[in-house]
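Shown below: data_12.txt, with compact mmCIF, C-alpha atoms and all ligand atoms.
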```txt
# COMPACT_ATOMS: atom_id res chain seq x y z
CA MET A 161 26.29 22.65 -73.95
CA ALA A 162 28.43 22.97 -70.79
CA ASN A 163 30.81 20.12 -70.11
CA THR A 164 31.30 20.72 -66.37
CA VAL A 165 28.77 20.74 -63.54
CA LYS A 166 28.92 20.79 -59.74
CA VAL A 167 26.30 19.06 -57.59
CA ARG A 168 25.75 19.07 -53.81
CA VAL A 169 23.97 16.04 -52.31
CA PRO A 170 22.86 15.49 -48.69
CA GLY A 171 23.54 12.46 -46.58
CA THR A 172 20.46 10.57 -45.38
CA THR A 173 19.31 8.52 -42.43
CA ALA A 174 17.14 5.58 -43.49
CA ASN A 175 14.66 3.31 -41.68
CA CYS A 176 14.29 5.59 -38.61
CA GLY A 177 13.54 2.49 -36.55
CA PRO A 178 10.55 0.60 -37.95
CA GLY A 179 10.42 2.06 -41.49
CA PHE A 180 12.82 -0.47 -43.00
CA ASP A 181 13.56 0.23 -46.70
CA ALA A 182 10.78 2.85 -46.74
CA VAL A 183 11.44 5.89 -44.52
CA GLY A 184 14.35 8.30 -44.93
CA ILE A 185 15.37 11.80 -43.87
CA ALA A 186 17.80 14.12 -45.70
CA CYS A 187 20.39 15.54 -43.29
CA THR A 188 22.58 18.64 -43.28
CA ILE A 189 25.80 16.81 -44.13
CA TYR A 190 26.90 17.10 -47.75
CA ASN A 191 29.11 15.78 -50.53
CA ASP A 192 30.09 18.01 -53.46
CA LEU A 193 30.71 16.39 -56.82
CA GLU A 194 32.17 18.08 -59.91
CA LEU A 195 31.75 16.19 -63.17
CA THR A 196 33.53 17.08 -66.42
CA VAL A 197 32.81 15.08 -69.56
CA SER A 198 34.81 14.99 -72.81
CA GLN A 199 35.49 12.76 -75.79
CA GLU A 200 39.00 11.92 -74.54
CA ALA A 201 38.70 8.34 -73.28
CA GLY A 202 39.40 7.64 -69.61
CA ILE A 203 38.17 8.05 -66.04
CA SER A 204 39.94 10.38 -63.64
CA LEU A 205 39.09 10.87 -59.98
CA GLU A 206 40.17 13.30 -57.28
CA VAL A 207 38.75 12.79 -53.78
CA THR A 208 39.19 14.98 -50.73
CA GLY A 209 37.68 14.17 -47.34
CA GLU A 210 35.85 10.93 -46.63
CA GLY A 211 36.87 8.01 -48.82
CA ALA A 212 40.07 9.63 -50.14
CA GLY A 213 42.32 6.79 -51.29
CA ALA A 214 39.55 4.19 -50.96
CA ILE A 215 37.19 5.05 -53.81
CA PRO A 216 38.03 3.27 -57.11
CA ALA A 217 38.60 5.27 -60.33
CA ASP A 218 37.01 2.75 -62.69
CA SER A 219 33.63 1.48 -63.83
CA SER A 220 33.06 -0.24 -60.45
CA ASN A 221 32.62 3.24 -58.92
CA VAL A 222 28.87 3.81 -58.35
CA VAL A 223 29.16 7.43 -59.51
CA VAL A 224 30.59 6.22 -62.84
CA LYS A 225 27.85 3.56 -63.03
CA ALA A 226 25.21 6.24 -62.48
CA ILE A 227 26.74 8.54 -65.13
CA GLN A 228 26.88 5.69 -67.63
CA MET A 229 23.25 4.82 -66.91
CA VAL A 230 22.21 8.38 -67.81
CA MET A 231 24.30 8.29 -71.00
CA ASP A 232 22.69 4.97 -72.02
CA LYS A 233 19.19 6.27 -71.27
CA THR A 234 19.67 9.56 -73.14
CA GLY A 235 21.83 8.13 -75.95
CA GLN A 236 24.40 10.85 -75.32
CA HIS A 237 27.77 9.25 -74.83
CA TYR A 238 31.02 10.80 -73.61
CA LYS A 239 34.22 8.76 -73.49
CA GLY A 240 35.91 10.84 -70.83
CA ILE A 241 34.67 11.21 -67.24
CA SER A 242 36.55 13.40 -64.80
CA LEU A 243 35.31 13.54 -61.19
CA ARG A 244 36.27 15.76 -58.28
CA MET A 245 34.67 14.89 -54.97
CA LYS A 246 34.64 16.74 -51.67
CA ASN A 247 33.11 14.25 -49.27
CA ASN A 248 31.79 14.95 -45.78
CA ILE A 249 29.53 11.89 -45.53
CA PRO A 250 31.51 9.03 -43.96
CA LEU A 251 31.49 5.79 -45.96
CA SER A 252 29.73 2.64 -44.76
CA ARG A 253 28.45 4.13 -41.51
CA GLY A 254 24.72 4.35 -42.21
CA LEU A 255 24.46 7.95 -43.43
CA GLY A 256 23.75 7.17 -47.07
CA SER A 257 27.15 7.73 -48.70
CA SER A 258 26.34 5.31 -51.53
CA ALA A 259 22.96 6.97 -52.15
CA ALA A 260 24.63 10.41 -52.24
CA ALA A 261 27.22 9.11 -54.71
CA ILE A 262 24.60 7.55 -56.98
CA VAL A 263 22.26 10.57 -56.88
CA GLY A 264 25.22 12.92 -57.44
CA GLY A 265 26.27 10.98 -60.55
CA LEU A 266 22.73 10.84 -61.96
CA VAL A 267 21.91 14.52 -61.33
CA ALA A 268 25.27 15.73 -62.68
CA ALA A 269 25.09 13.58 -65.82
CA ASN A 270 21.47 14.59 -66.41
CA GLU A 271 22.48 18.27 -66.28
CA LEU A 272 25.27 17.72 -68.83
CA THR A 273 23.05 15.75 -71.22
CA GLY A 274 20.32 18.36 -71.57
CA ASN A 275 18.14 17.74 -68.49
CA ARG A 276 15.99 15.11 -70.15
CA LEU A 277 15.19 13.11 -67.03
CA ASN A 278 12.73 14.28 -64.41
CA LYS A 279 13.25 13.63 -60.70
CA GLU A 280 10.86 10.65 -60.67
CA THR A 281 12.91 8.92 -63.39
CA ILE A 282 16.07 9.73 -61.46
CA LEU A 283 14.48 8.13 -58.39
CA ASP A 284 13.76 4.93 -60.34
CA MET A 285 17.29 4.83 -61.74
CA ALA A 286 18.90 5.53 -58.36
CA THR A 287 16.77 2.82 -56.71
CA ALA A 288 17.78 0.33 -59.41
CA ILE A 289 21.45 0.90 -58.56
CA GLU A 290 21.07 1.17 -54.76
CA GLY A 291 18.56 -1.67 -54.38
CA HIS A 292 16.18 0.16 -52.00
CA PRO A 293 14.58 3.63 -52.26
CA ASP A 294 14.76 4.88 -48.66
CA ASN A 295 18.10 6.74 -48.92
CA VAL A 296 17.98 7.86 -52.54
CA ALA A 297 14.50 9.45 -52.26
CA PRO A 298 15.45 12.00 -49.55
CA ALA A 299 18.85 12.52 -51.24
CA ILE A 300 16.93 13.65 -54.35
CA PHE A 301 13.97 15.48 -52.82
CA GLY A 302 15.18 16.59 -49.37
CA GLY A 303 12.92 16.47 -46.30
CA ILE A 304 11.36 13.30 -44.94
CA THR A 305 10.30 10.68 -47.47
CA VAL A 306 8.31 7.47 -47.46
CA SER A 307 8.94 5.35 -50.54
CA ILE A 308 7.54 2.12 -51.89
CA MET A 309 8.46 -0.02 -54.88
CA ASP A 310 5.85 -1.31 -57.31
CA SER A 311 6.78 -3.21 -60.47
CA GLY A 312 10.22 -1.61 -60.62
CA HIS A 313 8.92 1.92 -60.01
CA ALA A 314 9.36 3.92 -56.83
CA HIS A 315 6.44 5.95 -55.46
CA TYR A 316 7.12 8.43 -52.73
CA LEU A 317 5.60 10.93 -50.31
CA ARG A 318 7.73 13.87 -49.17
CA PHE A 319 6.97 16.18 -46.29
CA LEU A 320 8.53 18.51 -43.76
CA PRO A 321 7.64 18.35 -40.07
CA PRO A 322 5.70 21.31 -38.60
CA VAL A 323 8.13 21.57 -35.66
CA ASP A 324 11.89 21.89 -35.40
CA PHE A 325 14.09 19.09 -34.11
CA SER A 326 17.69 17.93 -34.35
CA MET A 327 19.25 14.59 -35.11
CA VAL A 328 22.34 13.63 -33.14
CA ALA A 329 24.33 11.22 -35.32
CA VAL A 330 26.86 9.21 -33.36
CA ILE A 331 29.39 7.83 -35.81
CA PRO A 332 31.67 4.97 -34.71
CA GLU A 333 35.16 4.68 -36.15
CA PHE A 334 34.50 1.28 -37.72
CA ASN A 335 32.80 0.57 -41.06
CA LEU A 336 29.84 -1.70 -41.65
CA SER A 337 28.77 -2.17 -45.25
CA THR A 338 25.04 -2.23 -45.91
CA ARG A 339 25.55 -5.49 -47.76
CA ALA A 340 27.03 -7.15 -44.65
CA ALA A 341 24.30 -5.68 -42.42
CA ARG A 342 21.59 -7.08 -44.71
CA LYS A 343 23.12 -10.56 -44.61
CA VAL A 344 22.21 -11.01 -40.93
CA LEU A 345 18.50 -10.36 -41.54
CA PRO A 346 16.09 -13.31 -41.37
CA VAL A 347 14.13 -14.56 -44.38
CA SER A 348 10.86 -14.33 -42.44
CA ILE A 349 9.66 -12.90 -39.12
CA PRO A 350 6.82 -13.83 -36.74
CA PHE A 351 3.41 -12.32 -37.54
CA ALA A 352 3.40 -10.53 -34.16
CA ASP A 353 6.65 -8.76 -35.08
CA ALA A 354 5.17 -7.66 -38.40
CA VAL A 355 2.17 -6.20 -36.54
CA PHE A 356 4.55 -4.51 -34.09
CA ASN A 357 6.38 -2.80 -36.98
CA VAL A 358 3.24 -1.81 -38.89
CA SER A 359 1.92 0.01 -35.81
CA ARG A 360 5.25 1.70 -35.02
CA SER A 361 5.94 2.83 -38.58
CA ALA A 362 2.43 4.29 -38.92
CA LEU A 363 2.98 6.09 -35.59
CA LEU A 364 6.41 7.29 -36.80
CA ILE A 365 5.03 9.03 -39.87
CA GLY A 366 2.06 10.40 -37.93
CA SER A 367 4.36 11.73 -35.24
CA LEU A 368 6.77 13.39 -37.70
CA ALA A 369 3.97 14.80 -39.85
CA THR A 370 1.99 16.30 -36.97
CA GLY A 371 4.89 17.30 -34.73
CA GLU A 372 3.71 15.05 -31.86
CA LEU A 373 7.34 14.23 -31.17
CA LYS A 374 6.71 12.71 -27.73
CA LEU A 375 5.38 9.66 -29.58
CA LEU A 376 8.83 9.05 -31.08
CA LEU A 377 9.83 7.09 -27.98
CA HIS A 378 7.53 4.26 -29.14
CA ALA A 379 7.47 5.17 -32.81
CA LEU A 380 11.20 4.41 -33.20
CA GLU A 381 10.85 0.85 -31.91
CA ASP A 382 11.58 -1.92 -34.38
CA ARG A 383 11.56 -5.72 -34.58
CA LEU A 384 12.41 -6.12 -38.26
CA HIS A 385 16.12 -5.36 -38.48
CA GLN A 386 17.60 -3.75 -35.35
CA PRO A 387 17.45 -6.84 -33.10
CA TYR A 388 19.36 -8.83 -35.75
CA ARG A 389 21.93 -6.11 -36.41
CA GLU A 390 22.70 -5.54 -32.75
CA GLN A 391 25.34 -8.32 -32.83
CA LEU A 392 27.32 -6.23 -35.36
CA ILE A 393 27.48 -3.08 -33.23
CA PRO A 394 29.10 -3.43 -29.78
CA GLY A 395 27.09 -1.59 -27.14
CA MET A 396 24.20 -0.69 -29.45
CA ALA A 397 21.42 -1.26 -26.89
CA GLN A 398 23.32 0.65 -24.19
CA VAL A 399 24.10 3.59 -26.50
CA LEU A 400 20.41 3.87 -27.50
CA ALA A 401 19.44 3.72 -23.81
CA ALA A 402 22.04 6.38 -22.97
CA ALA A 403 20.47 8.69 -25.56
CA ARG A 404 17.06 8.37 -23.96
CA GLN A 405 18.45 8.79 -20.45
CA ALA A 406 20.21 11.99 -21.54
CA GLY A 407 16.90 13.43 -22.72
CA ALA A 408 16.54 12.37 -26.37
CA LEU A 409 12.98 11.89 -27.66
CA GLY A 410 14.07 8.51 -29.00
CA ALA A 411 16.94 6.87 -30.86
CA ALA A 412 17.51 4.22 -33.49
CA LEU A 413 20.04 2.69 -35.83
CA SER A 414 20.78 5.02 -38.75
CA GLY A 415 20.28 3.04 -41.96
CA ALA A 416 22.12 -0.25 -41.66
CA GLY A 417 24.46 1.23 -39.04
CA PRO A 418 26.85 1.39 -37.34
CA CYS A 419 25.84 5.05 -36.82
CA LEU A 420 23.15 5.54 -34.14
CA LEU A 421 20.83 8.50 -34.34
CA ALA A 422 18.92 10.30 -31.59
CA PHE A 423 16.09 12.80 -32.11
CA THR A 424 16.26 15.85 -29.86
CA THR A 425 14.62 19.22 -29.26
CA GLU A 426 17.10 20.24 -26.55
CA ASN A 427 20.41 19.21 -24.96
CA SER A 428 21.74 17.74 -28.22
CA ASP A 429 25.38 18.00 -27.12
CA GLU A 430 24.62 16.29 -23.83
CA VAL A 431 22.91 13.48 -25.73
CA GLY A 432 25.85 13.21 -28.14
CA ARG A 433 28.35 13.05 -25.28
CA ALA A 434 26.32 10.45 -23.38
CA MET A 435 26.12 8.26 -26.48
CA THR A 436 29.83 8.47 -27.35
CA LYS A 437 30.66 7.70 -23.71
CA ALA A 438 28.42 4.62 -23.78
CA PHE A 439 30.19 3.48 -26.96
CA GLU A 440 33.58 3.99 -25.25
CA ILE A 441 32.60 1.59 -22.47
CA HIS A 442 32.31 -1.01 -25.24
CA LYS A 443 35.72 0.01 -26.64
CA VAL A 444 34.22 1.77 -29.66
CA GLN A 445 35.61 5.20 -30.48
CA ALA A 446 32.89 7.43 -31.88
CA LYS A 447 32.23 11.08 -32.65
CA TYR A 448 28.92 12.88 -32.87
CA GLN A 449 27.44 15.50 -35.16
CA VAL A 450 24.24 17.46 -34.58
CA LEU A 451 22.30 17.53 -37.86
CA LYS A 452 19.09 19.18 -39.06
CA ILE A 453 16.74 18.19 -41.88
CA ASP A 454 18.00 19.19 -45.33
CA ARG A 455 15.01 20.59 -47.23
CA GLN A 456 16.37 20.77 -50.77
CA GLY A 457 17.90 17.43 -51.66
CA ALA A 458 20.45 17.34 -54.49
CA ILE A 459 21.12 20.73 -56.08
CA ILE A 460 23.33 22.14 -58.81
CA ILE A 461 25.77 24.63 -57.27
N1 LIG B 501 31.67 9.33 -52.95
C1 LIG B 501 31.62 8.07 -53.36
N2 LIG B 501 32.04 7.74 -54.60
C2 LIG B 501 31.99 6.47 -55.04
N3 LIG B 501 31.53 5.44 -54.31
C3 LIG B 501 31.11 5.71 -53.08
C4 LIG B 501 31.13 7.03 -52.54
N4 LIG B 501 30.63 6.98 -51.30
C5 LIG B 501 30.32 5.69 -51.07
N5 LIG B 501 30.59 4.92 -52.13
C6 LIG B 501 30.40 3.46 -52.26
O1 LIG B 501 29.40 3.07 -51.36
C7 LIG B 501 29.91 2.12 -50.42
C8 LIG B 501 29.28 2.34 -49.08
O2 LIG B 501 27.90 2.05 -49.19
P1 LIG B 501 27.09 1.38 -48.02
O3 LIG B 501 27.79 0.15 -47.55
O4 LIG B 501 25.70 1.25 -48.51
O5 LIG B 501 27.18 2.43 -46.84
P2 LIG B 501 26.48 3.85 -46.63
O6 LIG B 501 25.63 3.64 -45.43
O7 LIG B 501 27.57 4.81 -46.38
O8 LIG B 501 25.69 4.14 -47.87
C9 LIG B 501 31.41 2.36 -50.42
O9 LIG B 501 32.11 1.21 -50.05
C10 LIG B 501 31.66 2.73 -51.87
O10 LIG B 501 31.73 1.57 -52.67
N1 LIG B 502 17.05 0.14 -45.59
C1 LIG B 502 18.48 -0.02 -45.74
C2 LIG B 502 19.14 1.30 -45.44
C3 LIG B 502 20.64 1.30 -45.61
O1 LIG B 502 21.12 2.60 -45.33
P1 LIG B 502 22.68 2.91 -45.32
O2 LIG B 502 22.80 4.37 -45.08
O3 LIG B 502 23.26 2.09 -44.21
O4 LIG B 502 23.20 2.49 -46.66
C4 LIG B 502 18.96 -1.10 -44.77
O5 LIG B 502 18.61 -0.98 -43.59
O6 LIG B 502 19.63 -2.04 -45.20
```

Encoded form (structure tokens):
Amino acid sequence: MANTVKVRVPGTTANCGPGFDAVGIACTIYNDLELTVSQEAGISLEVTGEGAGAIPADSSNVVVKAIQMVMDKTGQHYKGISLRMKNNIPLSRGLGSSAAAIVGGLVAANELTGNRLNKETILDMATAIEGHPDNVAPAIFGGITVSIMDSGHAHYLRFLPPVDFSMVAVIPEFNLSTRAARKVLPVSIPFADAVFNVSRSALLIGSLATGELKLLLHALEDRLHQPYREQLIPGMAQVLAAARQAGALGAALSGAGPCLLAFTTENSDEVGRAMTKAFEIHKVQAKYQVLKIDRQGAIII
């Protein structure tokens, strides 16, 4: 059996406004992970790109956790783990770097232990580590996914939209961990806000599945997490408004933020520039990237 494998995993944008912990889209921004296993004890790590110098080379690393989970599940243990990462997905910005790391570790370790786990099992394992399925599902399957949890198992729907669109990801310089961005969320919300989100998230999936993208303006509205997270992201409301004024179909927080994401069918660069400029007014340096939907999810390369 081979002892080295290389995996490519997409970044993901979760929530897409109202679909908190449920909706996610795989994006054309990728991390490459090379895993080599051996019986020589130890963990070695080489990182280029995002996270170089900041990612730990021990069992606290989520990639290592994921690999060990596969070894425990399959009963095939290796003492030595050597990782080489080429990261393009920025860490702690809301583009699913942790999901990509977890999925990369699981898919790579599965390949080196005889491919015993199917993608549904990998989804359950990834969700157990990540805590919510909305980023890991599109990182595994590509496309747009809606995921739910039931008794510890994730169930998902995956689809591709019938029309083409772009996603303008505006990425601030500062980090915001998902953990910190979940701490500001309330324990309960008013019934009217729940109804507001049910209607918008249903409209969101309908709009993406049918290609009625004009509905995104309303379908991206949210009262479950964005209003509470706004305090963590200077200028958030103004940057989202700038996206719409510059011609975006709609815009929302990407995952837990601080990245903001606009949906466009034209003028993507104009939208990106307008959003970064609005961030600048609030003394936040940001860059933008125009992304498309990744259709494949994690692949062996
Ligand atoms: N390539 C990677 N290898 C190991 N751990 C990673 C990698 N990328 C991200 N992580 C872990 O995930 C954390 C970021 O996760 P999180 O706060 O959920 O933000 P994001 O929105 O980027 O997923 C990092 O602090 C790090 O612990
Ligand atoms: N549903 C989660 C999504 C977190 O996504 P990330 O890319 O910021 O890790 C949340 O909103 O907390």

Interatomic distance, atom CA of Arg455 of chain A to atom CA of Glu271 of chain A (Å, one decimal)
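Atom-to-atom, atom CA of Arg455 of chain A and atom CA of Glu271 of chain A are spaced 20.6 Å apart.
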
Once you count all atoms listed in the file, which residues end up within 6 Å of ligand LIG 501 (chain B), and could you hand them over as number ranges by chain?
A: 215, 221-223, 251-259, 261, 337-338

List all protein, DNA and RNA residues that have any atom at most 10 Å from ligand LIG 502 (chain B), counting all atoms listed in the file, and write the list as a PyMOL selection string.
chain A and resi 171-184+250-260+290-296+336-343+345+384-386+389+413-419

Ala369 of chain A: which residues within 8 Å, counting all atoms listed in the file, same-chain residues fewer than 4 positions away excluded, as a list in words?
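Near neighbours after the sequence-gap exclusion: Phe319, Leu320, Pro321, Pro322 and Ile365 of chain A.
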
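Distances from A:Leu317, A:Ile349, A:Val344, A:Leu373 to Leu392 of chain A were compared using only C-alpha atoms, and the smallest one belongs to A:Val344.
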
May I ask for the distance between atom CA of Ser198 of chain A and atom CA of Ile241 of chain A, given in Å to one decimal place?
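For atom CA of Ser198 of chain A relative to atom CA of Ile241 of chain A, the distance reads 6.7 Å.
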
Calculated over only C-alpha atoms, which of the candidates A:Met231, A:Ser204, A:His442, A:Cys187 has the smallest distance to Asp218 of chain A?
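Of A:Met231, A:Ser204, A:His442, A:Cys187, the one nearest Asp218 of chain A is A:Ser204, counting only C-alpha atoms.
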
Have a look at atom CA of Thr425 of chain A and atom CA of Leu368 of chain A and let me know their distance in Å, one decimal.
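Computing it gives 12.9 Å between the two atoms.
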